[in-house]
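Listing of work-v3.cif, mmCIF, C-alpha atoms
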```cif
data_final
loop_
_atom_site.label_atom_id
_atom_site.label_comp_id
_atom_site.auth_asym_id
_atom_site.auth_seq_id
_atom_site.Cartn_x
_atom_site.Cartn_y
_atom_site.Cartn_z
CA MET A 1 103.41 97.22 118.99
CA ALA A 2 102.35 98.20 115.50
CA ARG A 3 99.47 95.76 115.43
CA GLU A 4 97.65 97.27 118.36
CA SER A 5 98.72 100.86 117.78
CA THR A 6 97.28 101.16 114.28
CA GLY A 7 93.79 100.92 115.64
CA SER A 8 94.34 102.64 118.95
CA VAL A 9 96.13 105.70 117.58
CA THR A 10 93.13 106.36 115.37
CA ALA A 11 90.72 105.84 118.26
CA LEU A 12 92.78 108.05 120.57
CA LEU A 13 92.95 110.81 117.98
CA GLN A 14 89.18 110.66 117.60
CA ALA A 15 88.72 110.75 121.36
CA TRP A 16 91.05 113.68 121.68
CA SER A 17 89.39 115.59 118.84
CA SER A 18 86.08 115.23 120.63
CA GLY A 19 87.49 116.71 123.79
CA ASP A 20 88.98 113.81 125.76
CA GLN A 21 92.19 115.34 127.09
CA ALA A 22 93.31 112.09 128.73
CA ALA A 23 93.69 110.55 125.27
CA LEU A 24 96.75 112.74 124.77
CA ASP A 25 98.59 111.05 127.63
CA GLN A 26 98.15 107.70 125.92
CA LEU A 27 98.90 109.02 122.47
CA LEU A 28 102.25 110.57 123.20
CA PRO A 29 104.15 107.39 124.15
CA LEU A 30 102.77 105.48 121.16
CA ILE A 31 103.87 108.12 118.69
CA TYR A 32 107.10 108.74 120.54
CA ASP A 33 108.11 105.05 120.42
CA ASP A 34 107.34 104.74 116.76
CA LEU A 35 109.27 107.86 115.84
CA ARG A 36 112.23 106.94 117.97
CA ARG A 37 112.43 103.55 116.32
CA GLN A 38 112.30 105.10 112.88
CA ALA A 39 114.77 107.85 113.69
CA ARG A 40 117.20 105.27 115.02
CA ARG A 41 116.78 103.22 111.88
CA TYR A 42 117.56 106.25 109.72
CA MET A 43 120.53 107.30 111.81
CA ARG A 44 121.98 103.82 111.64
CA ALA A 45 121.58 103.68 107.89
CA GLN A 46 123.14 107.08 107.24
CA PRO A 47 126.78 108.13 107.41
CA ALA A 48 127.86 110.54 110.14
CA GLY A 49 127.09 114.20 109.66
CA HIS A 50 124.01 113.58 107.55
CA THR A 51 120.84 115.60 107.61
CA LEU A 52 117.73 114.02 108.97
CA GLN A 53 114.48 114.67 107.18
CA THR A 54 112.28 114.95 110.20
CA THR A 55 109.25 115.99 108.24
CA ALA A 56 109.43 112.87 106.12
CA LEU A 57 109.81 110.75 109.27
CA VAL A 58 106.76 112.28 110.87
CA HIS A 59 104.68 111.74 107.74
CA GLU A 60 105.79 108.14 107.53
CA ALA A 61 104.82 107.65 111.15
CA TYR A 62 101.39 108.99 110.35
CA LEU A 63 100.97 106.58 107.46
CA ARG A 64 102.07 103.69 109.59
CA LEU A 65 100.05 104.48 112.70
CA VAL A 66 96.93 105.97 111.19
CA GLY A 67 97.16 104.98 107.55
CA GLN A 68 93.99 105.34 105.56
CA SER A 69 91.61 105.14 108.47
CA ALA A 70 89.05 107.87 108.79
CA VAL A 71 90.48 110.58 110.99
CA GLU A 72 89.10 114.08 110.92
CA TRP A 73 91.32 116.77 109.59
CA THR A 74 91.80 118.25 113.06
CA GLY A 75 92.71 114.79 114.35
CA ARG A 76 95.39 114.62 111.70
CA ALA A 77 96.72 118.02 112.70
CA HIS A 78 96.78 116.92 116.33
CA PHE A 79 98.76 113.83 115.44
CA PHE A 80 101.42 116.03 113.89
CA GLY A 81 101.34 118.25 116.92
CA VAL A 82 102.18 115.34 119.19
CA ALA A 83 104.70 113.97 116.71
CA ALA A 84 106.46 117.33 116.58
CA LYS A 85 106.90 117.26 120.34
CA ALA A 86 108.21 113.72 120.20
CA MET A 87 110.56 114.53 117.33
CA ARG A 88 111.99 117.48 119.19
CA SER A 89 112.71 115.38 122.25
CA ILE A 90 114.26 112.56 120.20
CA LEU A 91 116.57 114.96 118.38
CA VAL A 92 117.60 116.75 121.54
CA ASP A 93 118.42 113.42 123.22
CA HIS A 94 120.35 112.40 120.18
CA ALA A 95 122.27 115.66 119.99
CA ARG A 96 123.18 115.40 123.68
CA ALA A 97 124.36 111.84 123.21
CA GLY A 98 126.31 113.04 120.18
CA ASN A 99 127.97 115.78 122.19
CA ALA A 100 128.89 113.29 124.88
CA ALA A 101 130.37 110.99 122.26
CA LYS A 102 132.26 113.91 120.78
CA ARG A 103 133.88 114.57 124.12
CA GLY A 104 134.69 110.90 124.23
CA GLY A 105 136.30 111.02 120.82
CA SER A 106 133.86 109.95 118.14
CA ALA A 107 132.03 112.86 116.61
CA ARG A 108 128.64 112.45 115.02
CA ALA A 109 126.90 115.70 114.29
CA ILE A 110 123.24 115.86 113.41
CA THR A 111 121.72 118.85 111.74
CA LEU A 112 118.27 119.12 110.35
CA ASP A 113 117.40 119.34 106.74
CA GLU A 114 115.77 122.69 106.24
CA GLY A 115 114.20 121.66 103.02
CA ALA A 116 114.76 122.44 99.41
CA GLY A 117 113.94 125.71 97.78
CA ILE A 118 115.55 127.97 100.34
CA ALA A 119 117.30 130.94 98.82
CA GLY A 120 120.94 130.99 99.79
CA PRO A 121 122.82 128.38 101.72
CA GLU A 122 121.65 128.19 105.30
CA PRO A 123 124.05 126.53 107.66
CA GLY A 124 122.50 123.60 109.51
CA VAL A 125 120.63 124.55 112.61
CA ASP A 126 122.13 123.40 115.88
CA VAL A 127 119.34 121.36 117.47
CA LEU A 128 120.41 122.02 121.05
CA ALA A 129 120.76 125.76 120.53
CA LEU A 130 117.33 125.85 118.88
CA HIS A 131 115.82 123.76 121.67
CA GLU A 132 117.19 126.11 124.31
CA ALA A 133 116.12 129.20 122.40
CA LEU A 134 112.62 127.73 122.06
CA GLY A 135 112.57 127.28 125.83
CA ARG A 136 113.32 130.98 126.28
CA LEU A 137 110.72 131.90 123.68
CA ALA A 138 108.16 129.77 125.53
CA GLU A 139 108.64 131.91 128.64
CA LEU A 140 108.06 135.03 126.63
CA ASP A 141 105.34 133.78 124.28
CA SER A 142 104.38 130.14 124.57
CA ARG A 143 102.16 130.06 121.49
CA LYS A 144 105.01 131.16 119.24
CA SER A 145 107.33 128.58 120.71
CA GLN A 146 104.73 125.89 120.13
CA LEU A 147 104.22 127.10 116.57
CA VAL A 148 107.89 126.74 115.74
CA GLU A 149 107.88 123.27 117.28
CA LEU A 150 104.89 122.28 115.13
CA ARG A 151 106.31 123.63 111.92
CA TYR A 152 109.99 122.90 112.29
CA PHE A 153 109.89 119.51 114.00
CA GLY A 154 106.50 118.35 112.74
CA GLY A 155 106.45 119.85 109.27
CA LEU A 156 103.00 121.39 109.68
CA GLY A 157 101.75 123.92 107.19
CA ILE A 158 100.19 127.24 108.23
CA ASP A 159 96.61 125.94 108.15
CA GLU A 160 97.40 122.75 110.07
CA ALA A 161 99.29 124.71 112.70
CA ALA A 162 96.32 127.07 112.97
CA ALA A 163 94.04 124.08 113.62
CA VAL A 164 96.27 122.73 116.38
CA LEU A 165 96.73 126.11 118.04
CA ASP A 166 93.08 127.02 117.52
CA VAL A 167 93.81 130.44 116.06
CA SER A 168 93.36 131.92 112.58
CA ALA A 169 95.82 131.35 109.75
CA ALA A 170 96.50 135.11 109.72
CA THR A 171 97.54 134.95 113.38
CA VAL A 172 99.80 132.00 112.65
CA LYS A 173 101.49 133.92 109.85
CA ARG A 174 102.13 136.92 112.07
CA ASP A 175 103.36 134.70 114.91
CA TRP A 176 105.65 132.89 112.51
CA THR A 177 107.20 136.10 111.19
CA THR A 178 107.95 137.37 114.67
CA ALA A 179 109.14 134.03 116.05
CA ARG A 180 111.44 133.51 113.08
CA ALA A 181 113.10 136.91 113.49
CA TRP A 182 113.38 136.41 117.25
CA LEU A 183 115.02 132.99 116.86
CA LYS A 184 117.27 134.17 114.07
CA ARG A 185 118.56 136.85 116.40
CA GLU A 186 118.95 134.45 119.32
CA LEU A 187 120.77 131.84 117.28
CA SER A 188 123.08 134.24 115.48
CA VAL A 189 124.36 135.45 118.83
CA ALA A 190 124.93 131.94 120.12
CA MET B 1 124.04 134.00 125.04
CA ASN B 2 124.33 136.30 128.03
CA ALA B 3 124.55 139.32 125.77
CA ARG B 4 120.92 138.67 124.83
CA GLU B 5 119.66 138.27 128.34
CA PRO B 6 117.70 141.59 128.35
CA HIS B 7 115.55 140.41 125.44
CA ALA B 8 114.44 137.33 127.30
CA ARG B 9 113.36 139.38 130.31
CA LEU B 10 110.70 141.43 128.57
CA THR B 11 107.34 141.42 130.30
CA PRO B 12 104.46 139.98 128.26
CA GLU B 13 102.98 143.46 127.88
CA ARG B 14 106.27 144.89 126.68
CA TRP B 15 106.73 141.99 124.30
CA ARG B 16 103.29 142.55 122.75
CA GLU B 17 104.24 146.17 122.20
CA VAL B 18 107.56 145.20 120.60
CA GLU B 19 105.85 142.70 118.33
CA ALA B 20 103.11 145.11 117.23
CA ILE B 21 105.65 147.79 116.27
CA PHE B 22 107.93 145.23 114.62
CA LEU B 23 105.13 143.87 112.42
CA ALA B 24 103.75 147.31 111.61
CA THR B 25 107.19 148.63 110.64
CA ARG B 26 107.84 145.56 108.54
CA ASP B 27 104.64 146.19 106.57
CA ARG B 28 105.86 149.63 105.51
CA GLU B 29 108.03 150.58 102.60
CA PRO B 30 111.72 150.59 103.58
CA SER B 31 111.91 154.34 102.99
CA GLU B 32 109.11 155.01 105.49
CA ARG B 33 110.35 152.74 108.26
CA ALA B 34 112.68 155.11 110.07
CA ILE B 35 110.00 157.78 110.39
CA PHE B 36 107.42 155.24 111.49
CA LEU B 37 109.76 153.85 114.17
CA GLU B 38 110.50 157.34 115.38
CA GLN B 39 106.80 158.02 115.85
CA ALA B 40 105.97 154.62 117.32
CA CYS B 41 108.77 154.48 119.87
CA GLY B 42 109.06 158.13 120.77
CA ALA B 43 111.70 158.65 123.41
CA ASP B 44 111.79 154.97 124.38
CA ALA B 45 115.26 154.08 123.09
CA ALA B 46 115.21 150.57 124.57
CA LEU B 47 111.97 149.79 122.74
CA ARG B 48 113.37 151.11 119.50
CA SER B 49 116.59 149.15 119.82
CA GLU B 50 114.64 145.97 120.55
CA VAL B 51 112.44 146.44 117.47
CA GLU B 52 115.41 147.38 115.30
CA SER B 53 117.37 144.28 116.22
CA LEU B 54 114.35 142.13 115.36
CA LEU B 55 114.00 143.91 112.03
CA ALA B 56 117.67 143.33 111.29
CA ALA B 57 117.34 139.62 112.07
CA ASP B 58 114.17 139.43 109.99
CA HIS B 59 116.01 140.81 107.00
CA GLY B 60 117.95 137.58 106.45
CA ALA B 61 115.34 135.24 107.86
CA THR B 62 113.30 134.32 104.78
CA GLY B 63 113.00 130.55 104.72
CA PHE B 64 114.69 130.22 108.10
CA LEU B 65 113.27 127.19 109.99
CA GLU B 66 110.71 126.77 107.22
CA PRO B 67 109.65 123.13 107.01
CA PRO B 68 110.11 121.47 103.64
CA ARG B 69 106.88 121.66 101.73
CA LEU B 70 105.41 118.28 101.02
CA PRO B 71 103.63 118.41 97.70
CA GLY B 72 99.97 117.51 98.12
CA PRO B 73 99.17 114.16 99.66
CA VAL B 74 102.28 112.38 100.83
CA VAL B 75 103.36 109.59 98.52
CA PRO B 76 104.67 106.82 100.73
CA THR B 77 107.92 105.12 99.82
CA PHE B 78 107.96 101.43 98.92
CA GLU B 79 109.46 100.71 102.31
CA THR B 80 106.71 102.57 104.15
CA THR B 81 103.99 100.79 102.19
CA LEU B 82 105.68 97.49 102.94
CA ALA B 83 106.00 98.34 106.63
CA VAL B 84 102.31 99.17 106.76
CA ALA B 85 101.34 95.96 104.94
CA LEU B 86 103.41 93.84 107.34
CA ALA B 87 102.47 95.79 110.44
CA ASP B 88 100.13 93.17 111.90
CA ARG B 89 102.95 90.63 112.05
CA TYR B 90 106.28 92.45 111.84
CA VAL B 91 107.87 95.75 112.77
CA LEU B 92 110.25 96.59 109.97
CA GLU B 93 113.53 97.86 111.37
CA GLY B 94 115.54 98.56 108.27
CA GLU B 95 117.13 97.29 105.13
CA ILE B 96 120.06 94.92 105.64
CA GLY B 97 120.82 93.84 102.13
CA ARG B 98 119.86 94.24 98.49
CA GLY B 99 120.51 92.00 95.56
CA GLY B 100 119.37 91.53 91.99
CA MET B 101 116.34 89.53 93.00
CA ALA B 102 115.28 90.78 96.37
CA THR B 103 115.79 93.15 99.23
CA VAL B 104 116.27 91.82 102.74
CA TYR B 105 114.89 93.69 105.74
CA LEU B 106 115.50 93.21 109.40
CA ALA B 107 112.24 92.97 111.31
CA GLN B 108 110.83 92.16 114.70
CA ASP B 109 108.35 89.28 114.73
CA ILE B 110 105.58 90.64 116.94
CA ARG B 111 103.94 87.35 117.85
CA HIS B 112 107.09 85.39 118.57
CA HIS B 113 109.31 88.17 119.89
CA ARG B 114 112.24 87.36 117.71
CA GLN B 115 114.22 89.05 114.98
CA VAL B 116 113.69 87.84 111.46
CA ALA B 117 115.11 88.60 108.06
CA ILE B 118 112.36 89.29 105.56
CA LYS B 119 113.26 88.77 101.96
CA VAL B 120 111.04 90.71 99.60
CA LEU B 121 111.21 89.85 95.94
CA HIS B 122 111.49 92.85 93.66
CA PRO B 123 107.96 93.50 92.41
CA GLU B 124 108.90 93.19 88.71
CA LEU B 125 110.48 89.83 89.39
CA GLY B 126 107.47 88.59 91.28
CA ALA B 127 105.37 89.34 88.20
CA VAL B 128 107.67 87.32 85.94
CA LEU B 129 108.10 84.43 88.31
CA GLY B 130 104.47 84.24 89.26
CA ALA B 131 103.14 83.96 92.77
CA ASP B 132 102.18 80.30 92.44
CA ARG B 133 105.60 79.08 91.47
CA PHE B 134 107.32 81.17 94.07
CA LEU B 135 105.08 79.99 96.84
CA ARG B 136 105.35 76.36 95.71
CA GLU B 137 109.13 76.58 95.83
CA ILE B 138 109.30 78.13 99.22
CA GLY B 139 106.72 75.56 100.30
CA ILE B 140 109.25 72.90 99.45
CA ALA B 141 112.00 74.79 101.24
CA ALA B 142 109.81 75.00 104.32
CA ARG B 143 109.74 71.23 104.57
CA LEU B 144 113.50 70.89 104.35
CA ASN B 145 115.69 70.85 107.38
CA HIS B 146 119.34 71.00 106.54
CA PRO B 147 122.33 72.84 108.08
CA HIS B 148 122.93 74.82 104.91
CA ILE B 149 119.34 75.78 104.38
CA LEU B 150 117.78 78.44 106.52
CA PRO B 151 114.49 77.37 108.00
CA LEU B 152 111.48 79.31 106.83
CA HIS B 153 109.19 81.07 109.28
CA ASP B 154 106.60 82.62 107.10
CA SER B 155 105.82 83.54 103.54
CA GLY B 156 103.10 85.17 101.55
CA THR B 157 101.99 87.76 99.09
CA LEU B 158 101.25 91.38 99.85
CA ASP B 159 99.06 93.81 98.00
CA LEU B 160 100.96 97.07 98.04
CA GLY B 161 98.73 98.65 95.43
CA LEU B 162 101.28 98.14 92.68
CA GLY B 163 98.88 96.20 90.49
CA ARG B 164 100.73 92.95 91.16
CA PRO B 165 101.42 91.01 94.32
CA VAL B 166 104.67 91.44 96.19
CA LEU B 167 106.17 88.17 97.41
CA PHE B 168 108.07 87.77 100.63
CA TYR B 169 109.36 85.18 103.02
CA ALA B 170 110.73 85.41 106.54
CA MET B 171 113.75 83.57 107.88
CA PRO B 172 115.48 83.57 111.24
CA TYR B 173 117.87 86.47 111.56
CA VAL B 174 121.40 85.49 112.48
CA ALA B 175 123.33 88.54 113.65
CA GLY B 176 126.87 89.04 112.44
CA GLN B 177 126.61 86.53 109.65
CA SER B 178 125.61 87.11 106.09
CA LEU B 179 122.95 84.82 104.70
CA ARG B 180 125.34 83.73 102.01
CA GLU B 181 127.87 82.57 104.58
CA ARG B 182 125.47 80.05 105.96
#
```

Rewrite the structure from the file as structure tokens, please.
Amino acid sequence: MARESTGSVTALLQAWSSGDQAALDQLLPLIYDDLRRQARRYMRAQPAGHTLQTTALVHEAYLRLVGQSAVEWTGRAHFFGVAAKAMRSILVDHARAGNAAKRGGSARAITLDEGAGIAGPEPGVDVLALHEALGRLAELDSRKSQLVELRYFGGLGIDEAAAVLDVSAATVKRDWTTARAWLKRELSVA
Amino acid sequence: MNAREPHARLTPERWREVEAIFLATRDREPSERAIFLEQACGADAALRSEVESLLAADHGATGFLEPPRLPGPVVPTFETTLAVALADRYVLEGEIGRGGMATVYLAQDIRHHRQVAIKVLHPELGAVLGADRFLREIGIAARLNHPHILPLHDSGTLDLGLGRPVLFYAMPYVAGQSLRER
């Protein structure tokens, strides 16, 4: 629970940053559980058809699990990387459950908040369609698929994503441009 | 989705080629793009069509899937700060009520594996009332045992960095019944 995880998440992040790959296996369930609990709390508190601010959720999870403890910048980026993966899986599960409920009668659609400051109204992104398209992108170009996961589900900036993917910021920007166009095309056909 | 099947079947080499031409075309002035594409793709019509469809999608894609920008360091909400401060004893599960004096949260008591209602006095009120008086009063309540008075599990003050202590107390959580009804 929260008491143990505050310390251990920090320790696991440090272990992972210094090359201990096994730390990731322990980190994922901790972050996943926390995020799922929070997401459920938000979904319960909100009316149907709301938008879920996943980025805010992930940042709150970071504050709760890591807080002010000393974690290297790369450790922080890695936390968001794991959280993005967890967030994606939570939302996909939720969307599937929602679709099942819809067939059963009670509709409850979830779309993601795409953030303020976007020129022109963008219709909410269908989480399942995006998830499936990301799966196809992963077969073609796994780094780009991972990048979209990091940014869209985890709210990472260009530099943080570059740290997680271990490439330059310039590469991330190019990848992002291509992945965005590719997904836009995929999703507009769907 | 089936209409797009050919795009998904590109080989990695072909995809790298498509991407390189897409990005290079995109960097050029709109008036120069057609000529550039012509030169880059030559007689390969499939390559050209692939790049062109990406360029068309890119045209309306500004901001698409862009995560909301969080300005500078994240400023935690009151609820997050509270959840962090209580984290060694309780897992905050959500707000269940709000009144003029306090907000009540549902929480999981980690040590005793039970659900509790945590009443948190509004910070401004805590300042007026004073921590001593508040704690003395709930100290009295803790000693009472009466059907119309909820037993007290826990109480205390929290430093949430607001410059004044935040007062709270925890009571058993009774599902399906408002605290006032009891």

- Exercise: B:Leu47 partners within 10 Å, all atoms listed in the file, chain neighbours under 6 positions left out, as a PyMOL selection string: chain B and resi 14-15+17-18+21+37+40-41

- Query: Where does the PyMOL selection byres ((chain A and resi 163) around 10) land in this file, that is, which residues does it pick, as a ChimeraX atom specification?
  - Reply: /A:73-78,81,158-162,164-169,172

- Task: I need the residue set behind the PyMOL selection byres ((chain A and resi 177) around 12) for this file; please write it as a VMD selection string.
- Result: (chain A and resid 144 147 to 148 158 170 to 176 178 to 184) or (chain B and resid 19 to 20 22 to 24 26 to 27 54 to 55 57 to 66)

Take the residues from that selection and write them out as a PDB file, in the frame of the given file, keeping C-alpha atoms.
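Result saved to again06.pdb:
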```
ATOM      1  CA  LYS A 144     105.010 131.160 119.240  1.00  0.00           C
ATOM      2  CA  LEU A 147     104.220 127.100 116.570  1.00  0.00           C
ATOM      3  CA  VAL A 148     107.890 126.740 115.740  1.00  0.00           C
ATOM      4  CA  ILE A 158     100.190 127.240 108.230  1.00  0.00           C
ATOM      5  CA  ALA A 170      96.500 135.110 109.720  1.00  0.00           C
ATOM      6  CA  THR A 171      97.540 134.950 113.380  1.00  0.00           C
ATOM      7  CA  VAL A 172      99.800 132.000 112.650  1.00  0.00           C
ATOM      8  CA  LYS A 173     101.490 133.920 109.850  1.00  0.00           C
ATOM      9  CA  ARG A 174     102.130 136.920 112.070  1.00  0.00           C
ATOM     10  CA  ASP A 175     103.360 134.700 114.910  1.00  0.00           C
ATOM     11  CA  TRP A 176     105.650 132.890 112.510  1.00  0.00           C
ATOM     12  CA  THR A 178     107.950 137.370 114.670  1.00  0.00           C
ATOM     13  CA  ALA A 179     109.140 134.030 116.050  1.00  0.00           C
ATOM     14  CA  ARG A 180     111.440 133.510 113.080  1.00  0.00           C
ATOM     15  CA  ALA A 181     113.100 136.910 113.490  1.00  0.00           C
ATOM     16  CA  TRP A 182     113.380 136.410 117.250  1.00  0.00           C
ATOM     17  CA  LEU A 183     115.020 132.990 116.860  1.00  0.00           C
ATOM     18  CA  LYS A 184     117.270 134.170 114.070  1.00  0.00           C
TER      19      LYS A 184
ATOM     20  CA  GLU B  19     105.850 142.700 118.330  1.00  0.00           C
ATOM     21  CA  ALA B  20     103.110 145.110 117.230  1.00  0.00           C
ATOM     22  CA  PHE B  22     107.930 145.230 114.620  1.00  0.00           C
ATOM     23  CA  LEU B  23     105.130 143.870 112.420  1.00  0.00           C
ATOM     24  CA  ALA B  24     103.750 147.310 111.610  1.00  0.00           C
ATOM     25  CA  ARG B  26     107.840 145.560 108.540  1.00  0.00           C
ATOM     26  CA  ASP B  27     104.640 146.190 106.570  1.00  0.00           C
ATOM     27  CA  LEU B  54     114.350 142.130 115.360  1.00  0.00           C
ATOM     28  CA  LEU B  55     114.000 143.910 112.030  1.00  0.00           C
ATOM     29  CA  ALA B  57     117.340 139.620 112.070  1.00  0.00           C
ATOM     30  CA  ASP B  58     114.170 139.430 109.990  1.00  0.00           C
ATOM     31  CA  HIS B  59     116.010 140.810 107.000  1.00  0.00           C
ATOM     32  CA  GLY B  60     117.950 137.580 106.450  1.00  0.00           C
ATOM     33  CA  ALA B  61     115.340 135.240 107.860  1.00  0.00           C
ATOM     34  CA  THR B  62     113.300 134.320 104.780  1.00  0.00           C
ATOM     35  CA  GLY B  63     113.000 130.550 104.720  1.00  0.00           C
ATOM     36  CA  PHE B  64     114.690 130.220 108.100  1.00  0.00           C
ATOM     37  CA  LEU B  65     113.270 127.190 109.990  1.00  0.00           C
ATOM     38  CA  GLU B  66     110.710 126.770 107.220  1.00  0.00           C
TER      39      GLU B  66
END
```

- Please, which residues are within 12 Å of (106.7, 93.6, 96.3) by the file's coordinates, counting all atoms listed in the file, and could they come as a PyMOL selection string? chain B and resi 78-83+85-86+101-104+118-127+130-131+156-169

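Distances from A:Leu140, A:Ala133, A:Ala23, A:Ala39 to chain B were compared using all atoms listed in the file, and the smallest one belongs to A:Leu140.
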
- Task: Would you please work out which residue, of B:Val116, B:Ile110, B:Val84, B:Met171, is nearest to B:Ile138 when using all atoms listed in the file?
- Result: B:Met171

- Message: When you count all atoms listed in the file, which of these residues is closest to chain B: A:Arg88, A:Val58, A:Arg41, A:His131?
- Response: A:Arg41

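For the choices A:Met87, A:Ala95, A:Val82, A:Ala138, the atom-to-atom distance to A:Asp25 is smallest for A:Val82 when using only C-alpha atoms.
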
- Query: Could you work out how far atom CA of B:Tyr90 lies from atom CA of B:Gln108, giving the answer in Å with one decimal?
  - Reply: 5.4 Å

- Query: Quick one: of A:Ala129, A:Phe153, A:Val66, A:Ile90, who's nearest to A:Asp33, counting all atoms listed in the file?
  - Reply: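 Among the listed residues, A:Ile90 lies closest to A:Asp33.
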
- Query: Suppose you want the space between atom CA of A:Pro29 and atom CA of A:Gly135; what is it in Å?
  - Reply: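 So the answer is 21.7 Å.
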
- Task: To one decimal in Å, tell me the separation between atom CA of B:Glu29 and atom CA of A:Leu187.
- Result: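 Atom-to-atom, atom CA of B:Glu29 to atom CA of A:Leu187, that is 27.0 Å.
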
- Item | Selected residue, from B:His113, B:Arg33, B:Arg133, B:Arg89, that lies nearest to chain A when counting all atoms listed in the file |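 Once distances to chain A are computed over all atoms listed in the file, the minimum belongs to B:Arg89.
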
- Query: Can you list, as a VMD selection string, the residues that the PyMOL selection byres ((chain A and resi 16) around 12) selects here?
  - Reply: chain A and resid 8 to 15 17 to 28 71 to 72 74 to 79 82 164

- For A:Leu57, work out the shell of residues within 10 Å, counting only C-alpha atoms and skipping chain neighbours fewer than 4 positions away, then give it as a ChimeraX atom specification. /A:34-36,38-39,42,52-53,61-63,83,87,153-155
